[in-house]
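Structure file entry-v8.cif (mmCIF, C-alpha atoms) follows.
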```
data_start
#
loop_
_atom_site.group_PDB
_atom_site.id
_atom_site.type_symbol
_atom_site.label_atom_id
_atom_site.label_comp_id
_atom_site.auth_asym_id
_atom_site.auth_seq_id
_atom_site.Cartn_x
_atom_site.Cartn_y
_atom_site.Cartn_z
ATOM 1 C CA MET A 1 -30.100 22.900 -60.758
ATOM 2 C CA PHE A 2 -31.332 25.436 -63.325
ATOM 3 C CA LYS A 3 -30.416 23.128 -66.233
ATOM 4 C CA TYR A 4 -33.675 21.298 -65.487
ATOM 5 C CA PHE A 5 -35.510 24.449 -66.582
ATOM 6 C CA GLU A 6 -34.163 24.170 -70.141
ATOM 7 C CA PRO A 7 -37.069 24.675 -72.595
ATOM 8 C CA ASN A 8 -36.061 21.667 -74.740
ATOM 9 C CA LYS A 9 -36.458 19.311 -71.790
ATOM 10 C CA ILE A 10 -39.539 21.006 -70.390
ATOM 11 C CA PHE A 11 -41.383 20.965 -73.743
ATOM 12 C CA LEU A 12 -41.463 17.161 -73.794
ATOM 13 C CA ILE A 13 -43.676 17.342 -70.695
ATOM 14 C CA THR A 14 -45.541 20.618 -71.275
ATOM 15 C CA SER A 15 -46.604 19.636 -74.803
ATOM 16 C CA LYS A 16 -48.484 16.569 -73.560
ATOM 17 C CA ALA A 17 -49.796 17.936 -70.269
ATOM 18 C CA PRO A 18 -52.607 20.337 -71.421
ATOM 19 C CA ARG A 19 -55.037 17.597 -72.513
ATOM 20 C CA TYR A 20 -54.799 15.864 -69.106
ATOM 21 C CA VAL A 21 -55.085 19.159 -67.225
ATOM 22 C CA LEU A 22 -58.129 20.121 -69.346
ATOM 23 C CA PHE A 23 -59.792 16.782 -68.565
ATOM 24 C CA LEU A 24 -59.120 17.151 -64.837
ATOM 25 C CA PHE A 25 -60.270 20.792 -64.890
ATOM 26 C CA ILE A 26 -63.637 19.872 -66.449
ATOM 27 C CA ILE A 27 -64.244 17.194 -63.805
ATOM 28 C CA VAL A 28 -63.250 19.381 -60.827
ATOM 29 C CA LEU A 29 -65.173 22.394 -62.200
ATOM 30 C CA SER A 30 -68.329 20.291 -62.686
ATOM 31 C CA ILE A 31 -68.189 19.084 -59.068
ATOM 32 C CA GLY A 32 -67.435 22.624 -57.900
ATOM 33 C CA LEU A 33 -70.371 24.127 -59.811
ATOM 34 C CA LEU A 34 -72.794 21.527 -58.439
ATOM 35 C CA GLU A 35 -71.573 22.180 -54.902
ATOM 36 C CA ALA A 36 -71.551 25.965 -55.297
ATOM 37 C CA LEU A 37 -74.910 26.377 -57.028
ATOM 38 C CA ILE A 38 -76.996 23.535 -55.620
ATOM 39 C CA PHE A 39 -75.656 21.676 -52.597
ATOM 40 C CA SER A 40 -74.075 24.442 -50.499
ATOM 41 C CA PRO A 41 -76.385 26.230 -48.037
ATOM 42 C CA GLU A 42 -77.472 29.853 -48.285
ATOM 43 C CA ASP A 43 -76.075 32.380 -45.839
ATOM 44 C CA TYR A 44 -78.263 33.441 -42.890
ATOM 45 C CA LYS A 45 -77.619 37.135 -43.700
ATOM 46 C CA GLN A 46 -76.846 37.311 -47.425
ATOM 47 C CA GLY A 47 -79.117 34.499 -48.572
ATOM 48 C CA ASP A 48 -78.264 32.968 -51.952
ATOM 49 C CA ALA A 49 -76.135 35.987 -52.950
ATOM 50 C CA VAL A 50 -73.329 34.347 -50.964
ATOM 51 C CA ARG A 51 -72.868 31.859 -53.841
ATOM 52 C CA ILE A 52 -71.034 34.588 -55.768
ATOM 53 C CA MET A 53 -68.237 34.022 -53.237
ATOM 54 C CA TYR A 54 -67.412 30.701 -54.957
ATOM 55 C CA VAL A 55 -66.219 32.494 -58.096
ATOM 56 C CA HIS A 56 -65.153 35.831 -56.583
ATOM 57 C CA VAL A 57 -62.826 34.630 -53.810
ATOM 58 C CA PRO A 58 -60.835 31.967 -55.770
ATOM 59 C CA SER A 59 -60.353 34.473 -58.622
ATOM 60 C CA ALA A 60 -58.965 37.087 -56.245
ATOM 61 C CA TRP A 61 -56.677 34.560 -54.529
ATOM 62 C CA ILE A 62 -55.298 33.224 -57.812
ATOM 63 C CA SER A 63 -54.743 36.642 -59.389
ATOM 64 C CA LEU A 64 -52.793 37.729 -56.288
ATOM 65 C CA GLY A 65 -50.864 34.442 -56.207
ATOM 66 C CA ILE A 66 -49.921 34.651 -59.878
ATOM 67 C CA PHE A 67 -48.724 38.250 -59.586
ATOM 68 C CA SER A 68 -46.575 37.303 -56.583
ATOM 69 C CA LEU A 69 -45.142 34.333 -58.503
ATOM 70 C CA ILE A 70 -44.442 36.485 -61.582
ATOM 71 C CA THR A 71 -42.553 38.968 -59.386
ATOM 72 C CA LEU A 72 -40.525 36.225 -57.686
ATOM 73 C CA LEU A 73 -39.621 34.587 -61.015
ATOM 74 C CA SER A 74 -38.704 37.929 -62.571
ATOM 75 C CA ILE A 75 -36.393 38.808 -59.674
ATOM 76 C CA ILE A 76 -34.707 35.358 -59.641
ATOM 77 C CA GLY A 77 -34.539 35.351 -63.450
ATOM 78 C CA TYR A 78 -32.870 38.754 -63.497
ATOM 79 C CA ILE A 79 -30.371 37.963 -60.733
ATOM 80 C CA PHE A 80 -29.345 34.553 -62.101
ATOM 81 C CA LYS A 81 -29.862 35.473 -65.787
ATOM 82 C CA ILE A 82 -32.422 32.711 -66.399
ATOM 83 C CA LYS A 83 -34.369 33.813 -69.478
ATOM 84 C CA ASN A 84 -36.763 30.905 -69.127
ATOM 85 C CA PHE A 85 -38.107 32.377 -65.876
ATOM 86 C CA PHE A 86 -39.186 35.476 -67.803
ATOM 87 C CA LEU A 87 -40.882 33.231 -70.353
ATOM 88 C CA ILE A 88 -42.709 31.374 -67.558
ATOM 89 C CA SER A 89 -43.763 34.731 -66.055
ATOM 90 C CA LYS A 90 -45.013 35.963 -69.427
ATOM 91 C CA SER A 91 -47.059 32.763 -69.830
ATOM 92 C CA LEU A 92 -48.609 33.123 -66.364
ATOM 93 C CA ALA A 93 -49.747 36.724 -66.857
ATOM 94 C CA PRO A 94 -52.845 36.216 -69.110
ATOM 95 C CA SER A 95 -54.628 33.939 -66.635
ATOM 96 C CA GLY A 96 -53.618 36.204 -63.720
ATOM 97 C CA PHE A 97 -55.114 39.188 -65.519
ATOM 98 C CA ILE A 98 -58.344 37.378 -66.392
ATOM 99 C CA PHE A 99 -58.776 36.230 -62.785
ATOM 100 C CA ASN A 100 -58.227 39.806 -61.633
ATOM 101 C CA ILE A 101 -60.974 41.021 -63.995
ATOM 102 C CA ILE A 102 -63.299 38.207 -62.849
ATOM 103 C CA ALA A 103 -62.682 39.177 -59.202
ATOM 104 C CA LEU A 104 -63.520 42.822 -59.959
ATOM 105 C CA VAL A 105 -66.645 42.104 -62.014
ATOM 106 C CA THR A 106 -68.084 39.408 -59.736
ATOM 107 C CA GLY A 107 -67.261 41.604 -56.723
ATOM 108 C CA SER A 108 -69.209 44.409 -58.344
ATOM 109 C CA ILE A 109 -72.169 42.075 -59.013
ATOM 110 C CA TRP A 110 -72.001 40.851 -55.394
ATOM 111 C CA GLY A 111 -71.859 44.445 -54.133
ATOM 112 C CA ARG A 112 -75.239 45.362 -55.637
ATOM 113 C CA PRO A 113 -77.448 43.075 -53.457
ATOM 114 C CA THR A 114 -75.243 43.280 -50.340
ATOM 115 C CA TRP A 115 -74.059 46.915 -50.225
ATOM 116 C CA GLY A 116 -76.662 48.428 -52.541
ATOM 117 C CA THR A 117 -74.073 49.668 -55.034
ATOM 118 C CA TRP A 118 -72.157 48.260 -58.013
ATOM 119 C CA TRP A 119 -68.956 50.093 -57.151
ATOM 120 C CA ALA A 120 -67.342 51.892 -54.227
ATOM 121 C CA TRP A 121 -63.909 53.500 -54.052
ATOM 122 C CA ASP A 122 -63.187 51.223 -51.144
ATOM 123 C CA ALA A 123 -59.530 50.457 -50.215
ATOM 124 C CA ARG A 124 -59.567 46.796 -51.266
ATOM 125 C CA ILE A 125 -61.588 47.258 -54.461
ATOM 126 C CA THR A 126 -59.432 50.194 -55.563
ATOM 127 C CA ALA A 127 -56.250 48.246 -54.782
ATOM 128 C CA MET A 128 -57.556 45.326 -56.896
ATOM 129 C CA LEU A 129 -58.222 47.754 -59.751
ATOM 130 C CA ILE A 130 -54.643 49.037 -59.432
ATOM 131 C CA LEU A 131 -53.399 45.430 -59.616
ATOM 132 C CA ALA A 132 -55.325 45.004 -62.898
ATOM 133 C CA LEU A 133 -53.535 48.095 -64.227
ATOM 134 C CA PHE A 134 -50.168 46.575 -63.272
ATOM 135 C CA TYR A 135 -51.138 43.355 -65.084
ATOM 136 C CA LEU A 136 -52.055 45.442 -68.144
ATOM 137 C CA LEU A 137 -48.756 47.341 -67.969
ATOM 138 C CA TYR A 138 -46.888 44.043 -67.684
ATOM 139 C CA LEU A 139 -48.635 42.520 -70.719
ATOM 140 C CA PHE A 140 -48.224 45.787 -72.634
ATOM 141 C CA ALA A 141 -44.458 45.843 -71.918
ATOM 142 C CA TRP A 142 -44.042 42.454 -73.659
ATOM 143 C CA ARG A 143 -45.728 43.900 -76.753
ATOM 144 C CA VAL A 144 -43.910 47.237 -76.789
ATOM 145 C CA PHE A 145 -40.273 46.253 -76.189
ATOM 146 C CA GLU A 146 -38.596 44.131 -78.858
ATOM 147 C CA ASP A 147 -35.148 43.985 -77.285
ATOM 148 C CA LYS A 148 -34.916 41.169 -74.705
ATOM 149 C CA ASP A 149 -32.886 43.096 -72.115
ATOM 150 C CA SER A 150 -35.274 46.062 -72.264
ATOM 151 C CA VAL A 151 -38.351 43.870 -71.804
ATOM 152 C CA PHE A 152 -36.728 41.962 -68.916
ATOM 153 C CA LYS A 153 -35.845 45.243 -67.173
ATOM 154 C CA ALA A 154 -39.235 46.841 -67.846
ATOM 155 C CA THR A 155 -41.243 43.836 -66.637
ATOM 156 C CA LEU A 156 -39.019 43.501 -63.559
ATOM 157 C CA ILE A 157 -39.639 47.141 -62.612
ATOM 158 C CA ILE A 158 -43.403 46.777 -63.208
ATOM 159 C CA THR A 159 -43.626 43.651 -61.039
ATOM 160 C CA ILE A 160 -41.531 45.131 -58.218
ATOM 161 C CA LEU A 161 -43.702 48.260 -58.157
ATOM 162 C CA GLY A 162 -46.872 46.158 -58.458
ATOM 163 C CA ILE A 163 -45.955 43.764 -55.649
ATOM 164 C CA ILE A 164 -46.076 46.682 -53.168
ATOM 165 C CA ASN A 165 -49.816 46.686 -53.833
ATOM 166 C CA VAL A 166 -50.287 42.996 -52.898
ATOM 167 C CA PRO A 167 -49.937 43.352 -49.079
ATOM 168 C CA ILE A 168 -52.100 46.488 -49.332
ATOM 169 C CA ILE A 169 -54.867 44.360 -50.929
ATOM 170 C CA LYS A 170 -54.437 41.659 -48.286
ATOM 171 C CA TYR A 171 -54.432 43.928 -45.214
ATOM 172 C CA SER A 172 -56.573 46.824 -46.482
ATOM 173 C CA VAL A 173 -59.626 45.398 -44.690
ATOM 174 C CA ASP A 174 -57.695 45.430 -41.386
ATOM 175 C CA TRP A 175 -55.900 48.764 -41.837
ATOM 176 C CA TRP A 176 -58.872 50.862 -42.958
ATOM 177 C CA ASN A 177 -62.553 51.015 -42.265
ATOM 178 C CA THR A 178 -63.906 49.527 -45.507
ATOM 179 C CA LEU A 179 -67.131 48.245 -46.992
ATOM 180 C CA HIS A 180 -65.391 44.983 -47.825
ATOM 181 C CA GLN A 181 -65.695 42.321 -45.154
ATOM 182 C CA PRO A 182 -62.551 41.087 -43.345
ATOM 183 C CA ALA A 183 -60.982 37.723 -44.267
ATOM 184 C CA SER A 184 -63.139 34.731 -43.315
ATOM 185 C CA ILE A 185 -60.396 32.189 -43.960
ATOM 186 C CA ASN A 186 -57.125 32.165 -42.047
ATOM 187 C CA ILE A 187 -54.332 29.642 -42.436
ATOM 188 C CA PHE A 188 -52.969 30.106 -38.920
ATOM 189 C CA THR A 189 -56.139 30.790 -36.929
ATOM 190 C CA LYS A 190 -59.609 29.277 -36.958
ATOM 191 C CA SER A 191 -61.641 30.297 -40.020
ATOM 192 C CA SER A 192 -65.053 31.883 -39.472
ATOM 193 C CA ILE A 193 -66.558 30.078 -42.476
ATOM 194 C CA ASP A 194 -68.535 26.866 -41.999
ATOM 195 C CA ILE A 195 -67.222 23.620 -43.518
ATOM 196 C CA SER A 196 -70.369 23.343 -45.698
ATOM 197 C CA MET A 197 -69.237 26.540 -47.471
ATOM 198 C CA LEU A 198 -65.492 25.973 -47.151
ATOM 199 C CA PHE A 199 -65.674 22.666 -49.067
ATOM 200 C CA PRO A 200 -67.193 24.088 -52.307
ATOM 201 C CA LEU A 201 -64.889 27.096 -52.005
ATOM 202 C CA MET A 202 -61.844 24.806 -51.938
ATOM 203 C CA ILE A 203 -63.120 22.757 -54.895
ATOM 204 C CA MET A 204 -63.722 25.902 -56.950
ATOM 205 C CA THR A 205 -60.252 27.159 -55.982
ATOM 206 C CA ALA A 206 -58.763 23.860 -57.192
ATOM 207 C CA ALA A 207 -60.719 24.133 -60.467
ATOM 208 C CA PHE A 208 -59.552 27.724 -61.025
ATOM 209 C CA ALA A 209 -55.955 26.761 -60.229
ATOM 210 C CA LEU A 210 -56.199 23.956 -62.812
ATOM 211 C CA PHE A 211 -57.534 26.431 -65.366
ATOM 212 C CA SER A 212 -54.624 28.801 -64.788
ATOM 213 C CA LEU A 213 -52.240 25.831 -65.115
ATOM 214 C CA LEU A 214 -53.906 24.882 -68.412
ATOM 215 C CA ILE A 215 -53.635 28.413 -69.824
ATOM 216 C CA PHE A 216 -50.059 28.668 -68.595
ATOM 217 C CA LEU A 217 -49.067 25.413 -70.331
ATOM 218 C CA MET A 218 -50.730 26.399 -73.619
ATOM 219 C CA LYS A 219 -49.181 29.881 -73.585
ATOM 220 C CA TYR A 220 -45.750 28.551 -72.584
ATOM 221 C CA ASN A 221 -45.805 25.993 -75.423
ATOM 222 C CA THR A 222 -46.782 28.768 -77.848
ATOM 223 C CA GLU A 223 -43.849 30.893 -76.679
ATOM 224 C CA LEU A 224 -41.437 27.958 -77.061
ATOM 225 C CA ILE A 225 -42.652 27.257 -80.601
ATOM 226 C CA LYS A 226 -42.255 30.991 -81.374
ATOM 227 C CA ILE A 227 -38.601 30.711 -80.332
ATOM 228 C CA LYS A 228 -38.179 27.553 -82.423
ATOM 229 C CA ASN A 229 -39.683 29.375 -85.424
ATOM 230 C CA LYS A 230 -36.947 31.994 -85.110
ATOM 231 C CA GLY A 231 -34.424 29.152 -84.739
ATOM 232 C CA LEU A 232 -35.508 27.609 -88.062
ATOM 233 C CA ASP A 233 -34.812 30.938 -89.778
ATOM 234 C CA ARG A 234 -31.236 30.790 -88.500
ATOM 235 C CA LEU A 235 -30.563 27.194 -89.634
ATOM 236 C CA MET B 1 -86.818 22.657 -57.666
ATOM 237 C CA ILE B 2 -85.537 24.079 -60.992
ATOM 238 C CA ASN B 3 -87.331 27.355 -60.340
ATOM 239 C CA GLU B 4 -85.709 27.541 -56.904
ATOM 240 C CA ILE B 5 -82.257 27.054 -58.436
ATOM 241 C CA LEU B 6 -82.922 29.646 -61.133
ATOM 242 C CA ILE B 7 -84.576 32.318 -58.998
ATOM 243 C CA MET B 8 -82.543 31.761 -55.790
ATOM 244 C CA ASN B 9 -84.932 33.806 -53.621
ATOM 245 C CA GLY B 10 -84.526 36.850 -55.837
ATOM 246 C CA TYR B 11 -80.733 36.681 -56.079
ATOM 247 C CA GLY B 12 -80.692 34.474 -59.196
ATOM 248 C CA LEU B 13 -79.920 37.314 -61.598
ATOM 249 C CA TYR B 14 -76.814 38.312 -59.607
ATOM 250 C CA VAL B 15 -75.580 34.781 -58.933
ATOM 251 C CA TRP B 16 -76.104 33.469 -62.477
ATOM 252 C CA SER B 17 -74.615 36.538 -64.125
ATOM 253 C CA ALA B 18 -71.473 36.221 -61.942
ATOM 254 C CA PHE B 19 -71.072 32.530 -62.833
ATOM 255 C CA ILE B 20 -71.842 33.063 -66.530
ATOM 256 C CA PHE B 21 -69.358 35.961 -66.737
ATOM 257 C CA THR B 22 -66.686 33.717 -65.169
ATOM 258 C CA LEU B 23 -67.337 30.797 -67.534
ATOM 259 C CA VAL B 24 -67.499 33.040 -70.629
ATOM 260 C CA SER B 25 -64.174 34.636 -69.594
ATOM 261 C CA PHE B 26 -62.651 31.158 -69.232
ATOM 262 C CA ALA B 27 -63.903 30.060 -72.666
ATOM 263 C CA THR B 28 -62.727 33.292 -74.338
ATOM 264 C CA LEU B 29 -59.228 33.088 -72.849
ATOM 265 C CA TYR B 30 -58.970 29.380 -73.686
ATOM 266 C CA PHE B 31 -59.866 29.907 -77.359
ATOM 267 C CA VAL B 32 -57.653 32.998 -77.734
ATOM 268 C CA ILE B 33 -54.623 31.134 -76.364
ATOM 269 C CA LYS B 34 -55.451 27.982 -78.349
ATOM 270 C CA ASN B 35 -55.721 30.056 -81.517
ATOM 271 C CA GLN B 36 -52.293 31.587 -80.868
ATOM 272 C CA TYR B 37 -50.854 28.107 -80.294
ATOM 273 C CA VAL B 38 -52.330 26.645 -83.496
ATOM 274 C CA LYS B 39 -51.122 29.658 -85.539
ATOM 275 C CA GLU B 40 -47.535 29.346 -84.234
ATOM 276 C CA ARG B 41 -47.507 25.571 -84.725
ATOM 277 C CA ASN B 42 -48.801 25.873 -88.304
ATOM 278 C CA LYS B 43 -46.181 28.534 -89.016
ATOM 279 C CA PHE B 44 -43.528 26.111 -87.732
ATOM 280 C CA ILE B 45 -44.826 23.244 -89.898
ATOM 281 C CA VAL B 46 -44.860 25.443 -93.023
ATOM 282 C CA LYS B 47 -41.325 26.700 -92.337
ATOM 283 C CA PHE B 48 -40.124 23.151 -91.708
ATOM 284 C CA GLY B 49 -41.540 22.081 -95.069
ATOM 285 C CA THR B 50 -39.416 24.631 -96.892
ATOM 286 C CA LEU B 51 -36.102 23.377 -95.425
ATOM 287 C CA ASN B 52 -33.734 21.327 -97.595
ATOM 288 C CA SER B 53 -32.855 17.743 -96.589
ATOM 289 C CA GLU B 54 -29.614 18.709 -94.857
ATOM 290 C CA ARG B 55 -31.358 21.293 -92.687
ATOM 291 C CA VAL B 56 -34.256 18.939 -92.010
ATOM 292 C CA SER B 57 -31.921 16.312 -90.559
ATOM 293 C CA LEU B 58 -30.178 19.014 -88.509
ATOM 294 C CA ALA B 59 -33.505 20.341 -87.220
ATOM 295 C CA LYS B 60 -34.812 16.850 -86.503
ATOM 296 C CA SER B 61 -31.812 16.139 -84.306
ATOM 297 C CA GLN B 62 -33.462 18.414 -81.741
ATOM 298 C CA GLY B 63 -36.113 16.531 -79.768
ATOM 299 C CA MET B 64 -38.333 19.565 -79.358
ATOM 300 C CA ASN B 65 -38.707 20.073 -83.123
ATOM 301 C CA LYS B 66 -39.808 16.455 -83.508
ATOM 302 C CA GLU B 67 -42.276 16.930 -80.681
ATOM 303 C CA ILE B 68 -43.815 20.024 -82.303
ATOM 304 C CA LEU B 69 -44.232 18.159 -85.598
ATOM 305 C CA SER B 70 -45.787 15.134 -83.952
ATOM 306 C CA ASN B 71 -49.527 15.075 -83.318
ATOM 307 C CA THR B 72 -49.017 14.481 -79.600
ATOM 308 C CA SER B 73 -48.251 18.167 -79.037
ATOM 309 C CA SER B 74 -51.652 19.296 -80.307
ATOM 310 C CA ILE B 75 -54.002 20.500 -77.566
#
```
Go ahead and render the structure in this file as structure tokens.
Amino acid sequence: MFKYFEPNKIFLITSKAPRYVLFLFIIVLSIGLLEALIFSPEDYKQGDAVRIMYVHVPSAWISLGIFSLITLLSIIGYIFKIKNFFLISKSLAPSGFIFNIIALVTGSIWGRPTWGTWWAWDARITAMLILALFYLLYLFAWRVFEDKDSVFKATLIITILGIINVPIIKYSVDWWNTLHQPASINIFTKSSIDISMLFPLMIMTAAFALFSLLIFLMKYNTELIKIKNKGLDRL
Amino acid sequence: MINEILIMNGYGLYVWSAFIFTLVSFATLYFVIKNQYVKERNKFIVKFGTLNSERVSLAKSQGMNKEILSNTSSI
């Protein structure tokens, strides 16, 4: 099954895909921005400040999702010795990190009008900051280690340690008394968010997911060409 | 109407700065990654140009090399 993950075969698809993904991203983002900034209603309590949710929440979701995926790929890649999984993980990390930073900054901006402060050492916010540090460590490890085995081991350890933080981020609002509000959207139970707000939130999430796919494809292609450059030296 | 969208009942500064920060982050990351891609691709093209005919035919036998050299792989 893993032969389908061979870079030579994948590149034929990944090299052409970014332009289509970019086109789709621009369309979905434009609809999302119109919905988020103009058509969606204001909140009865927070007023228009609630619109920050449309960039803050998708960013947090995607940064958590990408870190979980990186961990899963690193573990499978290490067990089954699939180097390409490490390359995919490396290519996913930049967008995951940027989304983490966006979640922190927009959360801080949102905190000012709603809580009256830019920052609080609240359980969820602090855990998100720790996740950003794990992303940084992960990206740093790829720069520091030159030997493949060392970088695979180092990044695996970083992701395994970092993944412990992910359920803490998710459940921190239930486990501790925090400033951060509990989850408004649940997959298994009824969400407390109205459809008029859920719709733009889903569109913005789709747009952000497309952006991370675009960055992933561009970074992955760059990494493959880097390998091919080394291959030309050996010809 | 435009004033309403800009001011947002006093929350405009917060809302717009959050959205602008997000979009600027997107643009920055996009151009950084694109720059890395173009640099690596140009390096590949230069290296390919220095190969002798025997090595060129060997390198061209790999589909991925052809794909990198073709314009279709540009973003």
Output the contact residues of chain A with respect to chain B at a cut-off of 9 Å, based on all atoms listed in the file, as a PyMOL selection string. chain A and resi 7-9+11-12+14-19+33+37-38+47-52+54-56+94-95+98-99+102+105-107+109-110+112-113+211+214-215+218-219+221-223+225-226+228-229+232-233+235
Please evaluate the PyMOL selection byres ((chain A and resi 129) around 12) against the displayed coordinates and give the resulting residues as a ChimeraX atom specification. /A:60,63-64,97,99-105,107-108,119-128,130-136,162,165-166,169
What lies within 12 Å of Glu35 in chain A using only C-alpha atoms, ignoring chain neighbours under 3 positions off, as a PyMOL selection string? chain A and resi 28-32+38-42+51+54+196-204
What does the structure give for the distance between CA of Thr71 in chain A and CA of Ile158 in chain A, in Å to one decimal? 8.7 Å
Given 3 Å on each side, where is the centre and what are the edge lengths in Å to one decimal of the axis-aligned box enclosing the listed atoms of range 207-215 of chain A, as AutoDock Vina command-line options?
```
--center_x -56.5 --center_y 26.4 --center_z -65.0 --size_x 14.5 --size_y 10.8 --size_z 15.6
```
Contact residues around Ile88 in chain A with all atoms listed in the file at 8 Å, ignoring same-chain residues under 6 positions, as a ChimeraX atom specification: /A:73,216,220
What does the distance from CA of Gly231 in chain A to CA of Ile10 in chain A come to in Å, to one decimal? 17.3 Å
Quick one: distance from CA of Phe208 in chain A to CA of Thr155 in chain A in Å, one decimal?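 Distance reported for this atom pair: 25.0 Å.
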Working from the structure I just supplied, which lacks atoms in range 39-50 of chain B, can you model N, CA and C atoms there and output them as a PDB file, keeping the file's coordinate frame?
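And here is the file that came out, rebuild.pdb:
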```pdb
ATOM      1  N   LYS B  39     -51.753  28.788 -84.544  1.00  0.00           N
ATOM      2  CA  LYS B  39     -51.122  29.658 -85.539  1.00  0.00           C
ATOM      3  C   LYS B  39     -49.609  29.456 -85.538  1.00  0.00           C
ATOM      4  N   GLU B  40     -48.995  29.490 -84.356  1.00  0.00           N
ATOM      5  CA  GLU B  40     -47.535  29.346 -84.234  1.00  0.00           C
ATOM      6  C   GLU B  40     -47.087  27.972 -84.699  1.00  0.00           C
ATOM      7  N   ARG B  41     -47.853  26.948 -84.351  1.00  0.00           N
ATOM      8  CA  ARG B  41     -47.507  25.571 -84.725  1.00  0.00           C
ATOM      9  C   ARG B  41     -47.598  25.399 -86.248  1.00  0.00           C
ATOM     10  N   ASN B  42     -48.658  25.961 -86.845  1.00  0.00           N
ATOM     11  CA  ASN B  42     -48.801  25.873 -88.304  1.00  0.00           C
ATOM     12  C   ASN B  42     -47.672  26.603 -89.016  1.00  0.00           C
ATOM     13  N   LYS B  43     -47.287  27.767 -88.444  1.00  0.00           N
ATOM     14  CA  LYS B  43     -46.181  28.534 -89.016  1.00  0.00           C
ATOM     15  C   LYS B  43     -44.905  27.677 -89.003  1.00  0.00           C
ATOM     16  N   PHE B  44     -44.709  26.975 -87.886  1.00  0.00           N
ATOM     17  CA  PHE B  44     -43.528  26.111 -87.732  1.00  0.00           C
ATOM     18  C   PHE B  44     -43.547  24.994 -88.776  1.00  0.00           C
ATOM     19  N   ILE B  45     -44.706  24.371 -88.945  1.00  0.00           N
ATOM     20  CA  ILE B  45     -44.826  23.244 -89.898  1.00  0.00           C
ATOM     21  C   ILE B  45     -44.549  23.722 -91.330  1.00  0.00           C
ATOM     22  N   VAL B  46     -45.085  24.892 -91.679  1.00  0.00           N
ATOM     23  CA  VAL B  46     -44.860  25.443 -93.023  1.00  0.00           C
ATOM     24  C   VAL B  46     -43.380  25.725 -93.231  1.00  0.00           C
ATOM     25  N   LYS B  47     -42.752  26.372 -92.234  1.00  0.00           N
ATOM     26  CA  LYS B  47     -41.325  26.700 -92.337  1.00  0.00           C
ATOM     27  C   LYS B  47     -40.489  25.436 -92.465  1.00  0.00           C
ATOM     28  N   PHE B  48     -40.862  24.418 -91.701  1.00  0.00           N
ATOM     29  CA  PHE B  48     -40.124  23.151 -91.708  1.00  0.00           C
ATOM     30  C   PHE B  48     -40.189  22.507 -93.093  1.00  0.00           C
ATOM     31  N   GLY B  49     -41.344  22.649 -93.736  1.00  0.00           N
ATOM     32  CA  GLY B  49     -41.540  22.081 -95.069  1.00  0.00           C
ATOM     33  C   GLY B  49     -40.662  22.706 -96.133  1.00  0.00           C
ATOM     34  N   THR B  50     -40.234  23.949 -95.885  1.00  0.00           N
ATOM     35  CA  THR B  50     -39.416  24.631 -96.892  1.00  0.00           C
ATOM     36  C   THR B  50     -37.917  24.355 -96.730  1.00  0.00           C
TER      37      THR B  50
END
```
